[in-house]
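Student: Could you have a look at this structure, given as C-alpha coordinates, before my questions?
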Amino acid sequence: MNTLFKVLAVLTLLLLGYGFCQAMYIAPTEATMGDVQRIFYYHLPSAWVAFLLFFVNFLASAWYLIRRTNRADALALASAEVGVSFCTIVLLTGPIWARPIWGIWWTWDARLTSTLVLWLIYVSYLVLRHYATGGQVPVLAAALGIFGFADVPIVYMAIRWFRTQHPQPVIGGGEGSGLHPAMWVAVLWNLAAFAMLALLFVWIRYKQALAEHALEEAHAQASLNYETEGAQ
Amino acid sequence: MVALLATWALVVNGTFFAALSIRTRSREIMLPLILFPISIPALLAMVDATTSILTGDNSPIFWIRLLAVYDLVFTTVGLILFEPVLNAE
(Lines give C-alpha, C1' and ligand atoms only; values in the text may rest on other atoms or scores of the structure.)
Protein backbone atom coordinates (compact mmCIF):
# COMPACT_ATOMS: atom_id res chain seq x y z
CA MET A 1 0.00 0.00 0.00
CA ASN A 2 2.78 2.42 0.94
CA THR A 3 4.58 2.66 -2.38
CA LEU A 4 1.33 2.91 -4.30
CA PHE A 5 0.17 5.60 -1.91
CA LYS A 6 3.37 7.60 -2.32
CA VAL A 7 3.24 7.34 -6.10
CA LEU A 8 -0.37 8.50 -6.05
CA ALA A 9 0.50 11.38 -3.72
CA VAL A 10 3.31 12.60 -5.99
CA LEU A 11 1.06 12.24 -9.02
CA THR A 12 -1.68 14.25 -7.31
CA LEU A 13 0.79 16.99 -6.42
CA LEU A 14 1.96 17.18 -10.03
CA LEU A 15 -1.63 17.25 -11.27
CA LEU A 16 -2.54 20.01 -8.82
CA GLY A 17 0.46 22.05 -9.96
CA TYR A 18 -0.32 21.52 -13.61
CA GLY A 19 -4.00 22.29 -13.04
CA PHE A 20 -2.99 25.50 -11.29
CA CYS A 21 -0.82 26.54 -14.26
CA GLN A 22 -3.65 25.74 -16.64
CA ALA A 23 -6.20 27.70 -14.64
CA MET A 24 -4.05 30.73 -13.91
CA TYR A 25 -1.87 31.20 -16.98
CA ILE A 26 -2.93 29.12 -19.94
CA ALA A 27 -6.73 29.38 -19.97
CA PRO A 28 -7.93 32.53 -21.77
CA THR A 29 -9.28 35.39 -19.69
CA GLU A 30 -13.06 35.55 -19.65
CA ALA A 31 -14.39 38.38 -21.84
CA THR A 32 -16.77 40.15 -19.44
CA MET A 33 -15.74 38.94 -16.01
CA GLY A 34 -11.98 39.10 -16.37
CA ASP A 35 -9.59 37.23 -14.16
CA VAL A 36 -12.13 36.71 -11.39
CA GLN A 37 -13.71 33.97 -13.48
CA ARG A 38 -10.63 31.79 -12.95
CA ILE A 39 -11.94 30.76 -9.54
CA PHE A 40 -14.48 28.74 -11.51
CA TYR A 41 -11.73 26.19 -12.21
CA TYR A 42 -11.75 25.41 -8.50
CA HIS A 43 -15.42 25.97 -7.79
CA LEU A 44 -16.83 23.48 -10.29
CA PRO A 45 -14.38 20.58 -9.73
CA SER A 46 -14.89 20.76 -5.95
CA ALA A 47 -18.66 20.78 -6.41
CA TRP A 48 -18.55 17.71 -8.62
CA VAL A 49 -16.14 15.90 -6.34
CA ALA A 50 -18.34 16.71 -3.33
CA PHE A 51 -21.41 15.29 -5.11
CA LEU A 52 -19.41 12.22 -6.07
CA LEU A 53 -18.26 11.70 -2.49
CA PHE A 54 -21.80 12.00 -1.17
CA PHE A 55 -22.78 9.36 -3.70
CA VAL A 56 -19.97 7.13 -2.41
CA ASN A 57 -21.26 7.78 1.10
CA PHE A 58 -24.72 6.69 -0.01
CA LEU A 59 -23.41 3.46 -1.57
CA ALA A 60 -21.27 2.68 1.47
CA SER A 61 -24.25 3.32 3.80
CA ALA A 62 -26.47 0.97 1.81
CA TRP A 63 -23.68 -1.60 1.71
CA TYR A 64 -23.29 -1.32 5.47
CA LEU A 65 -27.01 -1.85 6.13
CA ILE A 66 -26.98 -4.98 3.96
CA ARG A 67 -23.66 -6.55 4.97
CA ARG A 68 -22.74 -4.85 8.26
CA THR A 69 -19.02 -4.79 7.64
CA ASN A 70 -16.61 -2.36 9.27
CA ARG A 71 -15.10 -1.59 5.90
CA ALA A 72 -18.35 -0.12 4.60
CA ASP A 73 -18.75 1.99 7.71
CA ALA A 74 -15.17 3.27 7.48
CA LEU A 75 -15.71 4.17 3.83
CA ALA A 76 -18.95 5.99 4.63
CA LEU A 77 -17.25 8.00 7.36
CA ALA A 78 -14.25 8.85 5.17
CA SER A 79 -16.31 9.93 2.18
CA ALA A 80 -18.66 12.06 4.31
CA GLU A 81 -15.79 13.88 5.97
CA VAL A 82 -13.91 14.60 2.77
CA GLY A 83 -17.18 15.46 1.01
CA VAL A 84 -18.00 18.05 3.65
CA SER A 85 -14.58 19.65 3.22
CA PHE A 86 -15.01 19.88 -0.55
CA CYS A 87 -18.52 21.25 -0.12
CA THR A 88 -17.00 23.88 2.17
CA ILE A 89 -14.58 24.85 -0.62
CA VAL A 90 -17.57 25.30 -2.94
CA LEU A 91 -19.37 27.47 -0.40
CA LEU A 92 -16.22 29.57 0.12
CA THR A 93 -15.16 30.08 -3.49
CA GLY A 94 -18.73 30.96 -4.52
CA PRO A 95 -19.00 34.14 -2.41
CA ILE A 96 -15.44 35.18 -3.36
CA TRP A 97 -16.56 35.14 -6.98
CA ALA A 98 -19.99 36.63 -6.27
CA ARG A 99 -18.67 39.69 -4.43
CA PRO A 100 -17.10 41.41 -7.50
CA ILE A 101 -19.60 40.00 -10.01
CA TRP A 102 -22.96 40.34 -8.24
CA GLY A 103 -21.80 42.94 -5.75
CA ILE A 104 -22.96 40.80 -2.81
CA TRP A 105 -21.41 37.93 -0.90
CA TRP A 106 -24.47 35.82 -0.46
CA THR A 107 -28.08 35.75 -1.52
CA TRP A 108 -30.86 33.38 -0.48
CA ASP A 109 -31.13 32.01 -3.94
CA ALA A 110 -32.32 28.44 -4.62
CA ARG A 111 -29.00 27.04 -5.73
CA LEU A 112 -27.00 28.63 -2.96
CA THR A 113 -29.53 27.71 -0.31
CA SER A 114 -29.81 24.11 -1.45
CA THR A 115 -26.03 23.69 -1.45
CA LEU A 116 -25.95 25.11 2.05
CA VAL A 117 -28.69 22.65 3.03
CA LEU A 118 -26.67 19.79 1.57
CA TRP A 119 -23.67 20.92 3.58
CA LEU A 120 -25.85 21.12 6.71
CA ILE A 121 -27.17 17.60 6.15
CA TYR A 122 -23.71 16.10 6.02
CA VAL A 123 -22.48 18.20 8.92
CA SER A 124 -25.42 16.85 10.93
CA TYR A 125 -24.36 13.39 9.75
CA LEU A 126 -20.93 13.93 11.27
CA VAL A 127 -22.47 15.36 14.45
CA LEU A 128 -24.75 12.33 14.71
CA ARG A 129 -21.76 10.03 14.43
CA HIS A 130 -20.23 11.92 17.30
CA TYR A 131 -23.29 11.91 19.57
CA ALA A 132 -24.82 8.48 19.09
CA THR A 133 -23.69 5.84 21.51
CA GLY A 134 -21.87 2.57 21.05
CA GLY A 135 -22.74 0.03 18.41
CA GLN A 136 -25.72 1.93 17.00
CA VAL A 137 -23.59 4.67 15.46
CA PRO A 138 -23.01 2.97 12.10
CA VAL A 139 -26.64 1.94 11.65
CA LEU A 140 -28.08 5.33 12.50
CA ALA A 141 -25.45 7.12 10.45
CA ALA A 142 -26.08 4.84 7.47
CA ALA A 143 -29.81 5.58 7.66
CA LEU A 144 -29.15 9.32 7.71
CA GLY A 145 -26.65 8.97 4.86
CA ILE A 146 -29.29 7.34 2.67
CA PHE A 147 -31.88 9.95 3.63
CA GLY A 148 -29.44 12.76 3.02
CA PHE A 149 -28.55 11.52 -0.41
CA ALA A 150 -32.20 11.76 -1.44
CA ASP A 151 -31.67 15.52 -1.26
CA VAL A 152 -28.69 15.58 -3.61
CA PRO A 153 -30.72 15.33 -6.86
CA ILE A 154 -32.91 18.20 -5.66
CA VAL A 155 -29.82 20.34 -5.15
CA TYR A 156 -28.46 19.34 -8.51
CA MET A 157 -31.68 20.10 -10.36
CA ALA A 158 -32.31 23.35 -8.46
CA ILE A 159 -30.24 25.25 -11.02
CA ARG A 160 -32.55 24.12 -13.80
CA TRP A 161 -35.91 24.26 -12.03
CA PHE A 162 -35.73 27.63 -10.40
CA ARG A 163 -34.95 30.97 -11.96
CA THR A 164 -31.81 31.46 -9.94
CA GLN A 165 -29.17 34.05 -9.79
CA HIS A 166 -26.51 31.38 -10.01
CA PRO A 167 -25.21 31.10 -13.60
CA GLN A 168 -26.99 28.51 -15.71
CA PRO A 169 -25.17 25.21 -16.11
CA VAL A 170 -22.23 25.90 -18.38
CA ILE A 171 -21.75 22.27 -19.17
CA GLY A 172 -24.57 20.27 -20.67
CA GLY A 173 -26.85 23.28 -20.46
CA GLY A 174 -29.15 24.67 -23.15
CA GLU A 175 -28.46 26.81 -26.21
CA GLY A 176 -25.66 29.31 -25.99
CA SER A 177 -23.97 27.56 -23.10
CA GLY A 178 -20.60 26.00 -23.42
CA LEU A 179 -16.99 26.67 -22.74
CA HIS A 180 -14.12 27.77 -24.88
CA PRO A 181 -12.08 24.63 -25.71
CA ALA A 182 -9.04 26.02 -23.89
CA MET A 183 -11.16 26.53 -20.80
CA TRP A 184 -12.38 22.97 -21.04
CA VAL A 185 -8.78 21.77 -20.82
CA ALA A 186 -8.25 23.69 -17.60
CA VAL A 187 -11.53 22.42 -16.13
CA LEU A 188 -10.70 18.80 -16.91
CA TRP A 189 -7.16 19.00 -15.51
CA ASN A 190 -8.42 20.53 -12.32
CA LEU A 191 -11.23 18.03 -12.09
CA ALA A 192 -8.71 15.19 -12.41
CA ALA A 193 -6.47 16.79 -9.80
CA PHE A 194 -9.31 17.30 -7.33
CA ALA A 195 -10.66 13.81 -7.86
CA MET A 196 -7.19 12.38 -7.16
CA LEU A 197 -6.85 14.55 -4.08
CA ALA A 198 -10.23 13.38 -2.80
CA LEU A 199 -9.27 9.76 -3.48
CA LEU A 200 -6.07 10.18 -1.48
CA PHE A 201 -7.87 11.79 1.46
CA VAL A 202 -10.61 9.19 1.48
CA TRP A 203 -8.07 6.40 1.31
CA ILE A 204 -5.99 7.67 4.20
CA ARG A 205 -9.06 8.41 6.33
CA TYR A 206 -10.52 5.00 5.50
CA LYS A 207 -7.34 3.24 6.67
CA GLN A 208 -7.35 5.35 9.79
CA ALA A 209 -10.99 4.56 10.58
CA LEU A 210 -10.32 0.85 10.14
CA ALA A 211 -7.26 1.04 12.40
CA GLU A 212 -9.29 2.94 14.98
CA HIS A 213 -11.93 0.25 14.94
CA ALA A 214 -9.33 -2.53 15.28
CA LEU A 215 -7.79 -0.65 18.21
CA GLU A 216 -11.16 -0.33 19.94
CA GLU A 217 -11.82 -4.03 19.51
CA ALA A 218 -8.39 -4.88 20.86
CA HIS A 219 -9.04 -2.65 23.87
CA ALA A 220 -12.38 -4.30 24.53
CA GLN A 221 -10.81 -7.74 24.19
CA ALA A 222 -7.96 -6.79 26.52
CA SER A 223 -10.25 -5.43 29.23
CA LEU A 224 -12.44 -8.52 28.88
CA ASN A 225 -9.40 -10.78 29.38
CA TYR A 226 -8.32 -8.71 32.33
CA GLU A 227 -11.71 -9.02 33.98
CA THR A 228 -11.93 -12.77 33.56
CA GLU A 229 -8.41 -13.17 34.93
CA GLY A 230 -9.29 -10.97 37.88
CA ALA A 231 -12.34 -13.12 38.65
CA GLN A 232 -10.40 -16.33 38.79
CA MET B 1 -54.13 18.68 -1.77
CA VAL B 2 -51.08 20.69 -0.78
CA ALA B 3 -51.99 20.52 2.89
CA LEU B 4 -52.42 16.76 2.66
CA LEU B 5 -49.12 16.11 0.91
CA ALA B 6 -47.26 18.57 3.12
CA THR B 7 -48.61 17.08 6.32
CA TRP B 8 -47.68 13.63 5.08
CA ALA B 9 -44.11 14.74 4.37
CA LEU B 10 -43.71 16.27 7.82
CA VAL B 11 -45.25 13.28 9.58
CA VAL B 12 -43.12 10.72 7.78
CA ASN B 13 -39.87 12.59 8.41
CA GLY B 14 -40.80 13.51 11.94
CA THR B 15 -41.64 9.95 12.92
CA PHE B 16 -38.56 8.47 11.35
CA PHE B 17 -36.11 10.92 12.83
CA ALA B 18 -37.77 10.82 16.22
CA ALA B 19 -37.18 7.06 16.20
CA LEU B 20 -33.63 7.66 15.08
CA SER B 21 -32.66 10.36 17.51
CA ILE B 22 -34.14 8.58 20.54
CA ARG B 23 -31.06 6.38 20.39
CA THR B 24 -28.60 9.25 20.64
CA ARG B 25 -27.21 11.32 23.45
CA SER B 26 -28.65 14.85 23.84
CA ARG B 27 -31.56 13.89 21.61
CA GLU B 28 -33.36 17.20 22.17
CA ILE B 29 -30.65 18.89 20.13
CA MET B 30 -30.14 16.12 17.61
CA LEU B 31 -33.74 15.89 16.42
CA PRO B 32 -34.16 19.44 15.06
CA LEU B 33 -30.57 19.46 13.85
CA ILE B 34 -31.18 16.46 11.60
CA LEU B 35 -34.86 16.95 10.82
CA PHE B 36 -34.64 20.53 9.62
CA PRO B 37 -32.10 20.19 6.77
CA ILE B 38 -33.79 17.02 5.55
CA SER B 39 -37.21 18.67 5.49
CA ILE B 40 -36.18 21.91 3.79
CA PRO B 41 -37.03 20.77 0.23
CA ALA B 42 -40.53 19.81 1.39
CA LEU B 43 -40.96 23.07 3.29
CA LEU B 44 -39.83 25.02 0.23
CA ALA B 45 -42.25 23.15 -2.02
CA MET B 46 -45.23 23.64 0.29
CA VAL B 47 -44.56 27.34 0.79
CA ASP B 48 -44.17 27.96 -2.93
CA ALA B 49 -47.21 25.87 -3.84
CA THR B 50 -49.39 27.75 -1.33
CA THR B 51 -48.05 31.09 -2.55
CA SER B 52 -48.82 30.36 -6.17
CA ILE B 53 -52.31 29.06 -5.31
CA LEU B 54 -53.14 32.13 -3.22
CA THR B 55 -51.73 34.71 -5.61
CA GLY B 56 -52.71 32.84 -8.76
CA ASP B 57 -49.62 34.10 -10.56
CA ASN B 58 -47.97 30.82 -11.41
CA SER B 59 -49.15 27.28 -11.71
CA PRO B 60 -48.60 25.30 -8.52
CA ILE B 61 -48.47 22.01 -10.46
CA PHE B 62 -44.69 21.84 -10.42
CA TRP B 63 -44.48 22.28 -6.65
CA ILE B 64 -47.25 19.79 -5.98
CA ARG B 65 -45.47 17.29 -8.17
CA LEU B 66 -42.18 17.89 -6.35
CA LEU B 67 -43.95 17.45 -3.03
CA ALA B 68 -45.56 14.21 -4.22
CA VAL B 69 -42.22 12.82 -5.39
CA TYR B 70 -40.60 13.87 -2.13
CA ASP B 71 -43.37 12.10 -0.17
CA LEU B 72 -43.01 8.97 -2.25
CA VAL B 73 -39.23 8.80 -1.93
CA PHE B 74 -39.08 9.55 1.77
CA THR B 75 -41.96 7.23 2.67
CA THR B 76 -40.29 4.35 0.84
CA VAL B 77 -36.88 5.02 2.36
CA GLY B 78 -38.44 5.50 5.78
CA LEU B 79 -40.32 2.21 5.62
CA ILE B 80 -37.23 0.31 4.51
CA LEU B 81 -34.95 1.84 7.12
CA PHE B 82 -37.34 1.92 10.05
CA GLU B 83 -36.70 -1.60 11.21
CA PRO B 84 -32.88 -1.58 11.16
CA VAL B 85 -32.89 1.74 13.01
CA LEU B 86 -35.30 0.55 15.69
CA ASN B 87 -33.43 -2.70 16.14
CA ALA B 88 -30.00 -1.11 16.23
CA GLU B 89 -28.38 -2.57 19.29
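Residue names in the C-alpha coordinates use chain letters A, B, ... in the order shown, residue numbers from 1 in each chain, and ligand numbers from 1 in the order shown.
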Mind listing as a PDB file with N, CA and C atoms, in the first residue's frame which residues of chain B are within 7 Å of chain A, counting only C-alpha atoms?
Tutor:
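Wrote it out as part23.pdb, contents follow:
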ATOM      1  N   LEU B  20     -35.079   7.716  15.219  1.00  0.00           N
ATOM      2  CA  LEU B  20     -33.625   7.657  15.077  1.00  0.00           C
ATOM      3  C   LEU B  20     -32.920   8.373  16.224  1.00  0.00           C
ATOM      4  N   ARG B  23     -32.199   7.210  20.052  1.00  0.00           N
ATOM      5  CA  ARG B  23     -31.056   6.375  20.392  1.00  0.00           C
ATOM      6  C   ARG B  23     -29.777   7.161  20.616  1.00  0.00           C
ATOM      7  N   THR B  24     -29.839   8.486  20.526  1.00  0.00           N
ATOM      8  CA  THR B  24     -28.600   9.253  20.636  1.00  0.00           C
ATOM      9  C   THR B  24     -28.563  10.015  21.953  1.00  0.00           C
ATOM     10  N   ARG B  25     -27.365  10.444  22.299  1.00  0.00           N
ATOM     11  CA  ARG B  25     -27.215  11.320  23.446  1.00  0.00           C
ATOM     12  C   ARG B  25     -27.728  12.695  23.077  1.00  0.00           C
ATOM     13  N   LEU B  33     -31.779  19.283  14.645  1.00  0.00           N
ATOM     14  CA  LEU B  33     -30.568  19.455  13.846  1.00  0.00           C
ATOM     15  C   LEU B  33     -30.603  18.583  12.598  1.00  0.00           C
ATOM     16  N   ILE B  34     -31.129  17.368  12.740  1.00  0.00           N
ATOM     17  CA  ILE B  34     -31.182  16.462  11.601  1.00  0.00           C
ATOM     18  C   ILE B  34     -32.445  16.706  10.785  1.00  0.00           C
ATOM     19  N   PRO B  37     -32.682  20.208   8.112  1.00  0.00           N
ATOM     20  CA  PRO B  37     -32.104  20.194   6.771  1.00  0.00           C
ATOM     21  C   PRO B  37     -32.776  19.196   5.839  1.00  0.00           C
ATOM     22  N   ILE B  38     -33.166  18.040   6.398  1.00  0.00           N
ATOM     23  CA  ILE B  38     -33.786  17.016   5.551  1.00  0.00           C
ATOM     24  C   ILE B  38     -35.143  17.494   5.037  1.00  0.00           C
ATOM     25  N   LEU B  81     -35.986   1.659   6.099  1.00  0.00           N
ATOM     26  CA  LEU B  81     -34.946   1.839   7.116  1.00  0.00           C
ATOM     27  C   LEU B  81     -35.468   1.798   8.543  1.00  0.00           C
ATOM     28  N   VAL B  85     -33.186   0.667  12.057  1.00  0.00           N
ATOM     29  CA  VAL B  85     -32.888   1.739  13.009  1.00  0.00           C
ATOM     30  C   VAL B  85     -33.464   1.416  14.383  1.00  0.00           C
ATOM     31  N   ALA B  88     -31.439  -1.327  16.058  1.00  0.00           N
ATOM     32  CA  ALA B  88     -30.001  -1.107  16.232  1.00  0.00           C
ATOM     33  C   ALA B  88     -29.625  -1.342  17.680  1.00  0.00           C
ATOM     34  N   GLU B  89     -28.689  -2.246  17.879  1.00  0.00           N
ATOM     35  CA  GLU B  89     -28.375  -2.567  19.287  1.00  0.00           C
ATOM     36  C   GLU B  89     -27.220  -1.716  19.795  1.00  0.00           C
TER      37      GLU B  89
END
Student: Any idea what's packed within 10 Å of A:Gln22, counting only C-alpha atoms, ignoring anything in its chain fewer than 2 positions away? Could you give it as a list in words?
Tutor: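 My list of contacting residues is Leu16, Gly17, Tyr18, Gly19, Phe20, Met24, Tyr25, Ile26, Ala27, Pro28, Arg38, Tyr41, Ala182, Met183, Val185, Ala186, Val187, Leu188, Trp189 and Asn190 of chain A.
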Student: Within 9 Å of stretch 68-76 of chain B, counting only C-alpha atoms, which residues qualify if same-chain residues fewer than 4 places away don't, as a list in words?
Tutor: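 Neighbouring residues, sequence-local ones excluded: Phe147 and Ala150 of chain A; Leu5, Ala6, Trp8, Ala9, Val12, Asn13, Pro41, Ala42, Trp63, Ile64, Ile80 and Leu81 of chain B.
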Student: Record the distance separating atom CA of B:Ala19 and atom CA of B:Phe36, expressed in Å with one decimal.
Tutor: 15.2 Å
Student: Please return, as a PyMOL selection string, all residues of stretch 17-87 of chain B that DSSP assigns to alpha helix (DSSP H) on the basis of the backbone.
Tutor: chain B and resi 17-21+27-55+61-86
Student: Which is closer to B:Ser39 than all the others in B:Gly14, B:Ser52, B:Phe82, B:Asn87, using only C-alpha atoms?
Tutor: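 Looking only at the distances to B:Ser39, the closest residue turns out to be B:Gly14.
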